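*Asks:* Next up, data-v6.pdb (PDB, C-alpha atoms, pLDDT in the B column).
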MODEL        1
ATOM      1  CA  MET A  20      -1.486   0.622 -13.987  1.00 43.00           C
ATOM      2  CA  SER A  21      -2.732   1.725 -17.399  1.00 48.00           C
ATOM      3  CA  ASP A  22       0.150   3.061 -19.470  1.00 51.00           C
ATOM      4  CA  PHE A  23      -1.376   6.519 -19.975  1.00 58.00           C
ATOM      5  CA  LEU A  24      -1.607   7.328 -16.266  1.00 74.00           C
ATOM      6  CA  SER A  25       1.264   9.345 -14.832  1.00 83.00           C
ATOM      7  CA  ASP A  26       2.583   8.533 -11.361  1.00 84.00           C
ATOM      8  CA  ALA A  27       0.901  11.671  -9.961  1.00 89.00           C
ATOM      9  CA  THR A  28      -2.438  10.789 -11.556  1.00 90.00           C
ATOM     10  CA  GLN A  29      -2.167   7.204 -10.337  1.00 89.00           C
ATOM     11  CA  LEU A  30      -1.536   8.359  -6.759  1.00 90.00           C
ATOM     12  CA  ARG A  31      -4.495  10.768  -6.791  1.00 93.00           C
ATOM     13  CA  MET A  32      -6.788   8.077  -8.172  1.00 92.00           C
ATOM     14  CA  ILE A  33      -5.616   5.622  -5.517  1.00 91.00           C
ATOM     15  CA  ARG A  34      -6.374   8.201  -2.806  1.00 92.00           C
ATOM     16  CA  LEU A  35      -9.780   8.832  -4.334  1.00 93.00           C
ATOM     17  CA  TYR A  36     -10.499   5.088  -4.535  1.00 90.00           C
ATOM     18  CA  LEU A  37      -9.550   4.576  -0.877  1.00 88.00           C
ATOM     19  CA  TYR A  38     -11.618   7.597   0.195  1.00 90.00           C
ATOM     20  CA  LEU A  39     -14.722   6.361  -1.622  1.00 88.00           C
ATOM     21  CA  LYS A  40     -14.265   2.887  -0.136  1.00 83.00           C
ATOM     22  CA  THR A  41     -14.437   4.379   3.379  1.00 83.00           C
ATOM     23  CA  LEU A  42     -17.860   5.917   2.769  1.00 81.00           C
ATOM     24  CA  ASP A  43     -20.899   4.298   4.332  1.00 67.00           C
ATOM     25  CA  GLN A  44     -23.265   2.599   1.904  1.00 64.00           C
ATOM     26  CA  ASP A  45     -25.753   5.465   2.274  1.00 63.00           C
ATOM     27  CA  TRP A  46     -23.060   7.926   1.161  1.00 63.00           C
ATOM     28  CA  GLN A  47     -22.014   5.718  -1.764  1.00 60.00           C
ATOM     29  CA  ASP A  48     -25.512   6.086  -3.205  1.00 68.00           C
ATOM     30  CA  ILE A  49     -25.355   9.887  -3.384  1.00 78.00           C
ATOM     31  CA  LYS A  50     -23.568  12.245  -5.733  1.00 83.00           C
ATOM     32  CA  LEU A  51     -20.399  14.103  -4.810  1.00 88.00           C
ATOM     33  CA  THR A  52     -19.178  17.187  -6.618  1.00 92.00           C
ATOM     34  CA  SER A  53     -15.645  17.537  -7.973  1.00 92.00           C
ATOM     35  CA  ASP A  54     -15.065  20.162  -5.265  1.00 95.00           C
ATOM     36  CA  GLU A  55     -16.008  17.665  -2.543  1.00 94.00           C
ATOM     37  CA  LEU A  56     -13.829  14.940  -4.051  1.00 94.00           C
ATOM     38  CA  ALA A  57     -10.923  17.362  -4.424  1.00 95.00           C
ATOM     39  CA  LYS A  58     -11.187  18.444  -0.796  1.00 95.00           C
ATOM     40  CA  ALA A  59     -11.136  14.803   0.340  1.00 94.00           C
ATOM     41  CA  ILE A  60      -7.819  14.088  -1.423  1.00 94.00           C
ATOM     42  CA  GLN A  61      -6.310  17.585  -1.109  1.00 93.00           C
ATOM     43  CA  SER A  62      -6.390  18.369  -4.804  1.00 94.00           C
ATOM     44  CA  THR A  63      -8.325  20.765  -7.042  1.00 95.00           C
ATOM     45  CA  ALA A  64     -11.709  20.308  -8.683  1.00 94.00           C
ATOM     46  CA  ALA A  65     -10.199  20.839 -12.143  1.00 94.00           C
ATOM     47  CA  THR A  66      -7.557  18.156 -11.506  1.00 94.00           C
ATOM     48  CA  VAL A  67     -10.175  15.698 -10.252  1.00 93.00           C
ATOM     49  CA  ARG A  68     -12.318  16.264 -13.352  1.00 90.00           C
ATOM     50  CA  LYS A  69      -9.271  15.757 -15.585  1.00 90.00           C
ATOM     51  CA  ASP A  70      -8.293  12.553 -13.754  1.00 90.00           C
ATOM     52  CA  LEU A  71     -11.801  11.151 -13.961  1.00 89.00           C
ATOM     53  CA  SER A  72     -11.929  11.905 -17.683  1.00 85.00           C
ATOM     54  CA  HIS A  73      -9.404   9.054 -18.073  1.00 80.00           C
ATOM     55  CA  LEU A  74     -12.165   6.746 -16.851  1.00 78.00           C
ATOM     56  CA  LYS A  75     -14.563   8.084 -19.478  1.00 71.00           C
ATOM     57  CA  CYS A  76     -16.629   9.093 -16.484  1.00 68.00           C
ATOM     58  CA  SER A  77     -18.396  12.434 -16.659  1.00 62.00           C
ATOM     59  CA  ALA A  78     -20.441  14.159 -14.002  1.00 61.00           C
ATOM     60  CA  GLU A  79     -24.093  13.176 -13.901  1.00 67.00           C
ATOM     61  CA  GLY A  80     -25.872  16.477 -13.565  1.00 65.00           C
ATOM     62  CA  TRP A  81     -24.042  18.252 -10.764  1.00 75.00           C
ATOM     63  CA  GLY A  82     -21.877  15.429  -9.419  1.00 83.00           C
ATOM     64  CA  TYR A  83     -20.399  11.936  -9.512  1.00 86.00           C
ATOM     65  CA  GLN A  84     -22.124   8.913  -7.990  1.00 83.00           C
ATOM     66  CA  ALA A  85     -19.681   7.188  -5.641  1.00 82.00           C
ATOM     67  CA  ASN A  86     -20.875   3.633  -6.223  1.00 83.00           C
ATOM     68  CA  ARG A  87     -20.259   4.043  -9.953  1.00 85.00           C
ATOM     69  CA  LEU A  88     -16.815   5.568  -9.519  1.00 88.00           C
ATOM     70  CA  ILE A  89     -15.455   2.773  -7.293  1.00 87.00           C
ATOM     71  CA  PRO A  90     -15.566  -0.058  -9.890  1.00 87.00           C
ATOM     72  CA  LYS A  91     -14.287   2.280 -12.624  1.00 88.00           C
ATOM     73  CA  LEU A  92     -11.327   3.331 -10.468  1.00 90.00           C
ATOM     74  CA  LYS A  93     -10.641  -0.273  -9.506  1.00 87.00           C
ATOM     75  CA  GLU A  94     -10.586  -1.318 -13.157  1.00 86.00           C
ATOM     76  CA  SER A  95      -8.424   1.604 -14.288  1.00 86.00           C
ATOM     77  CA  LEU A  96      -5.908   0.994 -11.486  1.00 86.00           C
ATOM     78  CA  LEU A  97      -5.804  -2.724 -12.356  1.00 82.00           C
ATOM     79  CA  LEU A  98      -6.819  -3.717  -8.829  1.00 82.00           C
ATOM     80  CA  LYS A  99      -9.276  -6.442  -9.778  1.00 78.00           C
ATOM     81  CA  ARG A 100      -6.645  -9.167  -9.555  1.00 82.00           C
ATOM     82  CA  SER A 101      -5.230 -10.028  -6.129  1.00 88.00           C
ATOM     83  CA  VAL A 102      -1.437 -10.250  -5.830  1.00 92.00           C
ATOM     84  CA  LYS A 103       0.146 -13.019  -3.766  1.00 94.00           C
ATOM     85  CA  THR A 104       2.330 -11.427  -1.105  1.00 95.00           C
ATOM     86  CA  GLY A 105       4.958 -12.352   1.459  1.00 96.00           C
ATOM     87  CA  ILE A 106       5.652 -10.290   4.597  1.00 95.00           C
ATOM     88  CA  ALA A 107       9.104 -10.266   6.201  1.00 95.00           C
ATOM     89  CA  GLY A 108       9.281  -9.240   9.837  1.00 92.00           C
ATOM     90  CA  LEU A 109       6.526 -10.062  12.316  1.00 88.00           C
ATOM     91  CA  GLU A 110       7.027  -6.877  14.315  1.00 78.00           C
ATOM     92  CA  PRO A 111       5.971  -4.161  14.466  1.00 70.00           C
ATOM     93  CA  TRP A 112       3.585  -4.237  11.467  1.00 78.00           C
ATOM     94  CA  GLY A 113       3.897  -7.771  10.165  1.00 82.00           C
ATOM     95  CA  SER A 114       1.616  -9.355  12.750  1.00 81.00           C
ATOM     96  CA  LEU A 115      -1.049  -6.715  12.106  1.00 79.00           C
ATOM     97  CA  LEU A 116      -0.985  -7.290   8.355  1.00 81.00           C
ATOM     98  CA  LEU A 117      -1.091 -11.055   8.847  1.00 83.00           C
ATOM     99  CA  SER A 118      -4.091 -10.869  11.159  1.00 79.00           C
ATOM    100  CA  ARG A 119      -6.165  -8.318   9.229  1.00 74.00           C
ATOM    101  CA  LYS A 120      -7.398 -10.206   6.192  1.00 68.00           C
ATOM    102  CA  GLY A 121      -8.565  -7.754   3.550  1.00 63.00           C
ATOM    103  CA  PHE A 122      -6.863  -4.843   5.320  1.00 65.00           C
ATOM    104  CA  LEU A 123      -5.018  -4.005   2.091  1.00 70.00           C
ATOM    105  CA  PRO A 124      -7.273  -4.275  -0.994  1.00 69.00           C
ATOM    106  CA  GLY A 125      -5.868  -6.577  -3.643  1.00 80.00           C
ATOM    107  CA  VAL A 126      -3.175  -8.015  -1.359  1.00 87.00           C
ATOM    108  CA  GLU A 127      -3.358 -11.768  -0.793  1.00 90.00           C
ATOM    109  CA  VAL A 128      -0.954 -12.432   2.066  1.00 92.00           C
ATOM    110  CA  ALA A 129       0.272 -15.998   1.556  1.00 94.00           C
ATOM    111  CA  ALA A 130       3.357 -16.253   3.787  1.00 96.00           C
ATOM    112  CA  GLY A 131       5.149 -14.547   6.666  1.00 95.00           C
ATOM    113  CA  PHE A 132       8.839 -14.583   7.580  1.00 96.00           C
ATOM    114  CA  ASP A 133      11.039 -13.667  10.514  1.00 94.00           C
ATOM    115  CA  SER A 134      14.647 -14.245  11.554  1.00 92.00           C
ATOM    116  CA  SER A 135      13.541 -15.164  15.090  1.00 91.00           C
ATOM    117  CA  MET A 136      12.254 -18.703  15.471  1.00 93.00           C
ATOM    118  CA  ASN A 137      10.913 -17.678  18.868  1.00 92.00           C
ATOM    119  CA  LYS A 138       8.662 -15.041  17.284  1.00 89.00           C
ATOM    120  CA  ILE A 139       7.497 -17.536  14.681  1.00 92.00           C
ATOM    121  CA  GLU A 140       6.605 -20.090  17.344  1.00 91.00           C
ATOM    122  CA  MET A 141       4.853 -17.484  19.518  1.00 88.00           C
ATOM    123  CA  THR A 142       2.815 -15.932  16.693  1.00 86.00           C
ATOM    124  CA  SER A 143      -0.656 -17.324  16.104  1.00 84.00           C
ATOM    125  CA  SER A 144      -1.535 -17.101  12.412  1.00 87.00           C
ATOM    126  CA  SER A 145      -3.569 -19.023   9.863  1.00 89.00           C
ATOM    127  CA  ILE A 146      -0.947 -17.994   7.301  1.00 92.00           C
ATOM    128  CA  PRO A 147       2.224 -20.153   7.060  1.00 94.00           C
ATOM    129  CA  LEU A 148       5.270 -18.655   8.804  1.00 96.00           C
ATOM    130  CA  HIS A 149       8.853 -19.378   7.775  1.00 96.00           C
ATOM    131  CA  PRO A 150      12.388 -18.447   8.869  1.00 96.00           C
ATOM    132  CA  SER A 151      13.917 -15.585   6.880  1.00 95.00           C
ATOM    133  CA  TYR A 152      16.534 -17.756   5.216  1.00 96.00           C
ATOM    134  CA  GLU A 153      13.718 -19.534   3.349  1.00 98.00           C
ATOM    135  CA  ILE A 154      12.394 -16.339   1.710  1.00 98.00           C
ATOM    136  CA  ALA A 155      13.796 -16.992  -1.776  1.00 98.00           C
ATOM    137  CA  GLU A 156      12.670 -20.628  -1.830  1.00 98.00           C
ATOM    138  CA  VAL A 157       9.146 -19.892  -0.547  1.00 98.00           C
ATOM    139  CA  PHE A 158       8.667 -16.892  -2.872  1.00 98.00           C
ATOM    140  CA  CYS A 159       9.628 -19.084  -5.824  1.00 98.00           C
ATOM    141  CA  ARG A 160       7.519 -22.092  -4.788  1.00 98.00           C
ATOM    142  CA  MET A 161       4.412 -20.052  -3.936  1.00 97.00           C
ATOM    143  CA  GLU A 162       4.883 -17.609  -6.836  1.00 97.00           C
ATOM    144  CA  LEU A 163       4.745 -14.542  -4.597  1.00 97.00           C
ATOM    145  CA  LEU A 164       5.059 -11.307  -6.577  1.00 96.00           C
ATOM    146  CA  LEU A 165       4.952  -8.642  -3.839  1.00 96.00           C
ATOM    147  CA  GLY A 166       7.258  -8.515  -0.850  1.00 97.00           C
ATOM    148  CA  ILE A 167       6.582  -6.333   2.194  1.00 95.00           C
ATOM    149  CA  ILE A 168       9.509  -5.638   4.526  1.00 94.00           C
ATOM    150  CA  SER A 169       8.002  -4.588   7.846  1.00 90.00           C
ATOM    151  CA  SER A 170      10.841  -4.963  10.360  1.00 80.00           C
ATOM    152  CA  TYR A 171      14.403  -3.711  10.366  1.00 66.00           C
ATOM    153  CA  GLY A 172      15.417  -6.420  12.836  1.00 61.00           C
ATOM    154  CA  ASP A 173      16.382  -8.335   9.725  1.00 62.00           C
ATOM    155  CA  ASN A 174      18.750  -6.830   7.165  1.00 89.00           C
ATOM    156  CA  ALA A 175      16.350  -4.960   4.876  1.00 92.00           C
ATOM    157  CA  GLN A 176      18.624  -5.114   1.837  1.00 94.00           C
ATOM    158  CA  GLN A 177      19.297  -8.822   2.286  1.00 95.00           C
ATOM    159  CA  THR A 178      15.576  -9.435   2.698  1.00 96.00           C
ATOM    160  CA  ALA A 179      14.794  -7.532  -0.504  1.00 96.00           C
ATOM    161  CA  ASP A 180      17.520  -9.433  -2.378  1.00 97.00           C
ATOM    162  CA  ARG A 181      16.049 -12.751  -1.237  1.00 98.00           C
ATOM    163  CA  MET A 182      12.544 -11.732  -2.304  1.00 98.00           C
ATOM    164  CA  ILE A 183      13.742 -10.643  -5.742  1.00 98.00           C
ATOM    165  CA  LYS A 184      15.781 -13.838  -6.127  1.00 98.00           C
ATOM    166  CA  GLY A 185      12.574 -15.764  -5.416  1.00 98.00           C
ATOM    167  CA  GLY A 186      10.657 -13.928  -8.123  1.00 97.00           C
ATOM    168  CA  ALA A 187       9.210 -10.807  -6.461  1.00 97.00           C
ATOM    169  CA  ILE A 188       8.654  -7.975  -8.928  1.00 97.00           C
ATOM    170  CA  ALA A 189       7.651  -5.356  -6.343  1.00 96.00           C
ATOM    171  CA  ILE A 190       8.863  -4.414  -2.857  1.00 96.00           C
ATOM    172  CA  LEU A 191       7.139  -2.298  -0.214  1.00 94.00           C
ATOM    173  CA  ASN A 192       9.715  -1.157   2.340  1.00 94.00           C
ATOM    174  CA  LEU A 193       8.158  -0.108   5.666  1.00 90.00           C
ATOM    175  CA  THR A 194      11.515   0.224   7.425  1.00 89.00           C
ATOM    176  CA  PRO A 195      13.724   3.323   7.805  1.00 87.00           C
ATOM    177  CA  CYS A 196      16.563   1.444   6.092  1.00 89.00           C
ATOM    178  CA  PRO A 197      16.899   2.422   2.408  1.00 89.00           C
ATOM    179  CA  ILE A 198      17.220  -0.434  -0.056  1.00 92.00           C
ATOM    180  CA  ARG A 199      18.362  -0.706  -3.655  1.00 94.00           C
ATOM    181  CA  VAL A 200      16.559  -2.780  -6.244  1.00 96.00           C
ATOM    182  CA  PRO A 201      17.141  -3.419  -9.964  1.00 96.00           C
ATOM    183  CA  GLU A 202      15.476  -1.033 -12.409  1.00 94.00           C
ATOM    184  CA  ASN A 203      12.924  -3.654 -13.429  1.00 95.00           C
ATOM    185  CA  ILE A 204      11.622  -3.990  -9.835  1.00 96.00           C
ATOM    186  CA  PHE A 205       8.855  -1.736  -8.517  1.00 94.00           C
ATOM    187  CA  MET A 206       9.723  -0.307  -5.109  1.00 93.00           C
ATOM    188  CA  TYR A 207       7.898   2.004  -2.694  1.00 91.00           C
ATOM    189  CA  GLN A 208       9.308   3.363   0.563  1.00 89.00           C
ATOM    190  CA  SER A 209       6.799   4.165   3.298  1.00 85.00           C
ATOM    191  CA  ASP A 210       8.442   4.513   6.688  1.00 80.00           C
ATOM    192  CA  PHE A 211       5.794   5.209   9.331  1.00 78.00           C
ATOM    193  CA  GLN A 212       8.207   5.510  12.257  1.00 78.00           C
ATOM    194  CA  SER A 213      10.516   8.039  10.613  1.00 82.00           C
ATOM    195  CA  GLY A 214       7.468  10.074   9.594  1.00 82.00           C
ATOM    196  CA  ILE A 215       6.211  10.195  13.179  1.00 84.00           C
ATOM    197  CA  LEU A 216       9.637  11.172  14.550  1.00 84.00           C
ATOM    198  CA  LYS A 217       9.990  13.907  11.927  1.00 83.00           C
ATOM    199  CA  LEU A 218       6.636  15.362  12.945  1.00 86.00           C
ATOM    200  CA  LEU A 219       7.520  15.153  16.662  1.00 89.00           C
ATOM    201  CA  SER A 220      10.803  16.925  15.984  1.00 90.00           C
ATOM    202  CA  SER A 221       8.989  19.658  14.055  1.00 88.00           C
ATOM    203  CA  ILE A 222       6.383  20.088  16.810  1.00 91.00           C
ATOM    204  CA  ASN A 223       8.987  20.326  19.555  1.00 88.00           C
ATOM    205  CA  GLY A 224      11.042  22.736  17.460  1.00 85.00           C
ATOM    206  CA  SER A 225       8.052  25.035  16.995  1.00 83.00           C
ATOM    207  CA  LEU A 226       7.308  24.928  20.734  1.00 84.00           C
ATOM    208  CA  LEU A 227      10.916  25.847  21.565  1.00 79.00           C
ATOM    209  CA  ASN A 228      10.704  28.860  19.258  1.00 73.00           C
ATOM    210  CA  LYS A 229       7.689  30.108  21.221  1.00 73.00           C
ATOM    211  CA  GLU A 230       9.417  29.884  24.604  1.00 64.00           C
TER
ENDMDL
END
Will you turn the file into structure tokens for me?
*Replies:*
Amino acid sequence: MSDFLSDATQLRMIRLYLYLKTLDQDWQDIKLTSDELAKAIQSTAATVRKDLSHLKCSAEGWGYQANRLIPKLKESLLLKRSVKTGIAGLEPWGSLLLSRKGFLPGVEVAAGFDSSMNKIEMTSSSIPLHPSYEIAEVFCRMELLLGIISSYGDNAQQTADRMIKGGAIAILNLTPCPIRVPENIFMYQSDFQSGILKLLSSINGSLLNKE
């Protein structure tokens, strides 16, 4: 990320980039107002205009042309270079990420890992699969910089430690198990399952209050 972008600005620009990428080609050729862009990422028009000013990108007439914003956002967010990645845990999300090439922009999945040899043998993948105890060695040999922990069947902290030992500089933790990393390691926690259960608990709680 460019040094002048705050974490909040970076996150809004990532959301905007992903939103614009989902548009059909016909939509990418038209102009969108700052109000429309703000609504898409749940922000304000003034904030969107301020964020886009970092790109030296001003509105053309009454709006912004999507197909011109996408490359500018990609460049500003430093997403032009793919990052070699290793995924630990073939279930529940590992297999999906391994099979969906290009599912995550800028992520070059180069290796998968699991503690179960049975899962490794039963999983069909064009990407090399390895037992978890080889994480550090494979990360080092293949120069993998991003590690994704997708299953808490393995010890999440031990998995992260192995990735970092092998040279990873960033960890994405998709498990509900919190991990600790050194200050010089980028880490993001995104636990889908806990999020779903929290929402279900909230829904059921609201229904009970109505009874």
*Asks:* Per residue of segment 141-208 of chain A within 12 Å of segment 213-229 of chain A, what are the shortest atom pair and its distance in Å to one decimal, counting only C-alpha atoms, with rows by chain and residue number, as a tab-separated table?
*Replies:*
residue	atom	partner	partner_atom	distance
A:Leu193	CA	A:Ser213	CA	9.8
A:Thr194	CA	A:Ser213	CA	8.5
A:Pro195	CA	A:Ser213	CA	6.4
A:Cys196	CA	A:Ser213	CA	10.0
A:Pro197	CA	A:Ser213	CA	11.8
A:Gln208	CA	A:Ser213	CA	11.2
*Asks:* Compare A:Glu153, A:Ile167, A:Arg87, A:Leu191 by their minimum atom-to-atom distance to Leu117 of chain A, counting only C-alpha atoms, and give me the closest one.
*Replies:* A:Ile167
*Asks:* Considering only C-alpha atoms, state which residue in the set A:Met32, A:Ser145, A:Asp133, A:Leu98 is at the smallest distance from Arg68 of chain A.
*Replies:* A:Met32
*Asks:* Can you tell me, as a short mmCIF file (atom, residue, chain, number, x, y, z; two decimals) with C-alpha atoms, in the coordinates of the input, what residues are no more than 12 Å from Leu148 of chain A when counting all atoms listed in the file, ignoring any on the same chain fewer than 3 positions away?
*Replies:*
data_model
loop_
_atom_site.label_atom_id
_atom_site.label_comp_id
_atom_site.auth_asym_id
_atom_site.auth_seq_id
_atom_site.Cartn_x
_atom_site.Cartn_y
_atom_site.Cartn_z
CA GLY A 105 4.96 -12.35 1.46
CA ILE A 106 5.65 -10.29 4.60
CA ALA A 107 9.10 -10.27 6.20
CA GLY A 108 9.28 -9.24 9.84
CA LEU A 109 6.53 -10.06 12.32
CA GLY A 113 3.90 -7.77 10.16
CA SER A 114 1.62 -9.36 12.75
CA LEU A 117 -1.09 -11.06 8.85
CA VAL A 128 -0.95 -12.43 2.07
CA ALA A 129 0.27 -16.00 1.56
CA ALA A 130 3.36 -16.25 3.79
CA GLY A 131 5.15 -14.55 6.67
CA PHE A 132 8.84 -14.58 7.58
CA ASP A 133 11.04 -13.67 10.51
CA SER A 134 14.65 -14.24 11.55
CA SER A 135 13.54 -15.16 15.09
CA MET A 136 12.25 -18.70 15.47
CA ASN A 137 10.91 -17.68 18.87
CA LYS A 138 8.66 -15.04 17.28
CA ILE A 139 7.50 -17.54 14.68
CA GLU A 140 6.60 -20.09 17.34
CA MET A 141 4.85 -17.48 19.52
CA THR A 142 2.82 -15.93 16.69
CA SER A 143 -0.66 -17.32 16.10
CA SER A 144 -1.54 -17.10 12.41
CA SER A 145 -3.57 -19.02 9.86
CA SER A 151 13.92 -15.58 6.88
CA TYR A 152 16.53 -17.76 5.22
CA GLU A 153 13.72 -19.53 3.35
CA ILE A 154 12.39 -16.34 1.71
CA VAL A 157 9.15 -19.89 -0.55
#
*Asks:* Could the residues of segment 86-199 of chain A that have an atom at most 10 Å from segment 70-75 of chain A be listed as CSV, each with its closest atom pair and the distance in Å to one decimal, counting only C-alpha atoms and ordered by chain and ascending residue number?
*Replies:*
residue,atom,partner,partner_atom,distance
A:Leu88,CA,A:Leu71,CA,8.7
A:Lys91,CA,A:Leu74,CA,6.5
A:Leu92,CA,A:Leu74,CA,7.3
A:Glu94,CA,A:Leu74,CA,9.0
A:Ser95,CA,A:Leu74,CA,6.9
*Asks:* Decode the PyMOL selection byres ((chain A and resi 61-63) around 12) for the given file into explicit residues and return them as a PDB file with C-alpha atoms, keeping the file's coordinate frame.
*Replies:*
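As a result, expr39.pdb now contains:
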ATOM      1  CA  ALA A  27       0.901  11.671  -9.961  1.00 89.00           C
ATOM      2  CA  THR A  28      -2.438  10.789 -11.556  1.00 90.00           C
ATOM      3  CA  LEU A  30      -1.536   8.359  -6.759  1.00 90.00           C
ATOM      4  CA  ARG A  31      -4.495  10.768  -6.791  1.00 93.00           C
ATOM      5  CA  MET A  32      -6.788   8.077  -8.172  1.00 92.00           C
ATOM      6  CA  ARG A  34      -6.374   8.201  -2.806  1.00 92.00           C
ATOM      7  CA  LEU A  35      -9.780   8.832  -4.334  1.00 93.00           C
ATOM      8  CA  TYR A  38     -11.618   7.597   0.195  1.00 90.00           C
ATOM      9  CA  THR A  52     -19.178  17.187  -6.618  1.00 92.00           C
ATOM     10  CA  SER A  53     -15.645  17.537  -7.973  1.00 92.00           C
ATOM     11  CA  ASP A  54     -15.065  20.162  -5.265  1.00 95.00           C
ATOM     12  CA  GLU A  55     -16.008  17.665  -2.543  1.00 94.00           C
ATOM     13  CA  LEU A  56     -13.829  14.940  -4.051  1.00 94.00           C
ATOM     14  CA  ALA A  57     -10.923  17.362  -4.424  1.00 95.00           C
ATOM     15  CA  LYS A  58     -11.187  18.444  -0.796  1.00 95.00           C
ATOM     16  CA  ALA A  59     -11.136  14.803   0.340  1.00 94.00           C
ATOM     17  CA  ILE A  60      -7.819  14.088  -1.423  1.00 94.00           C
ATOM     18  CA  ALA A  64     -11.709  20.308  -8.683  1.00 94.00           C
ATOM     19  CA  ALA A  65     -10.199  20.839 -12.143  1.00 94.00           C
ATOM     20  CA  THR A  66      -7.557  18.156 -11.506  1.00 94.00           C
ATOM     21  CA  VAL A  67     -10.175  15.698 -10.252  1.00 93.00           C
ATOM     22  CA  ARG A  68     -12.318  16.264 -13.352  1.00 90.00           C
ATOM     23  CA  LYS A  69      -9.271  15.757 -15.585  1.00 90.00           C
ATOM     24  CA  ASP A  70      -8.293  12.553 -13.754  1.00 90.00           C
TER      25      ASP A  70
END
*Asks:* Would you work out the distance separating atom CA of Pro201 of chain A from atom CA of Ala155 of chain A, expressed in Å to one decimal?
*Replies:* 16.2 Å
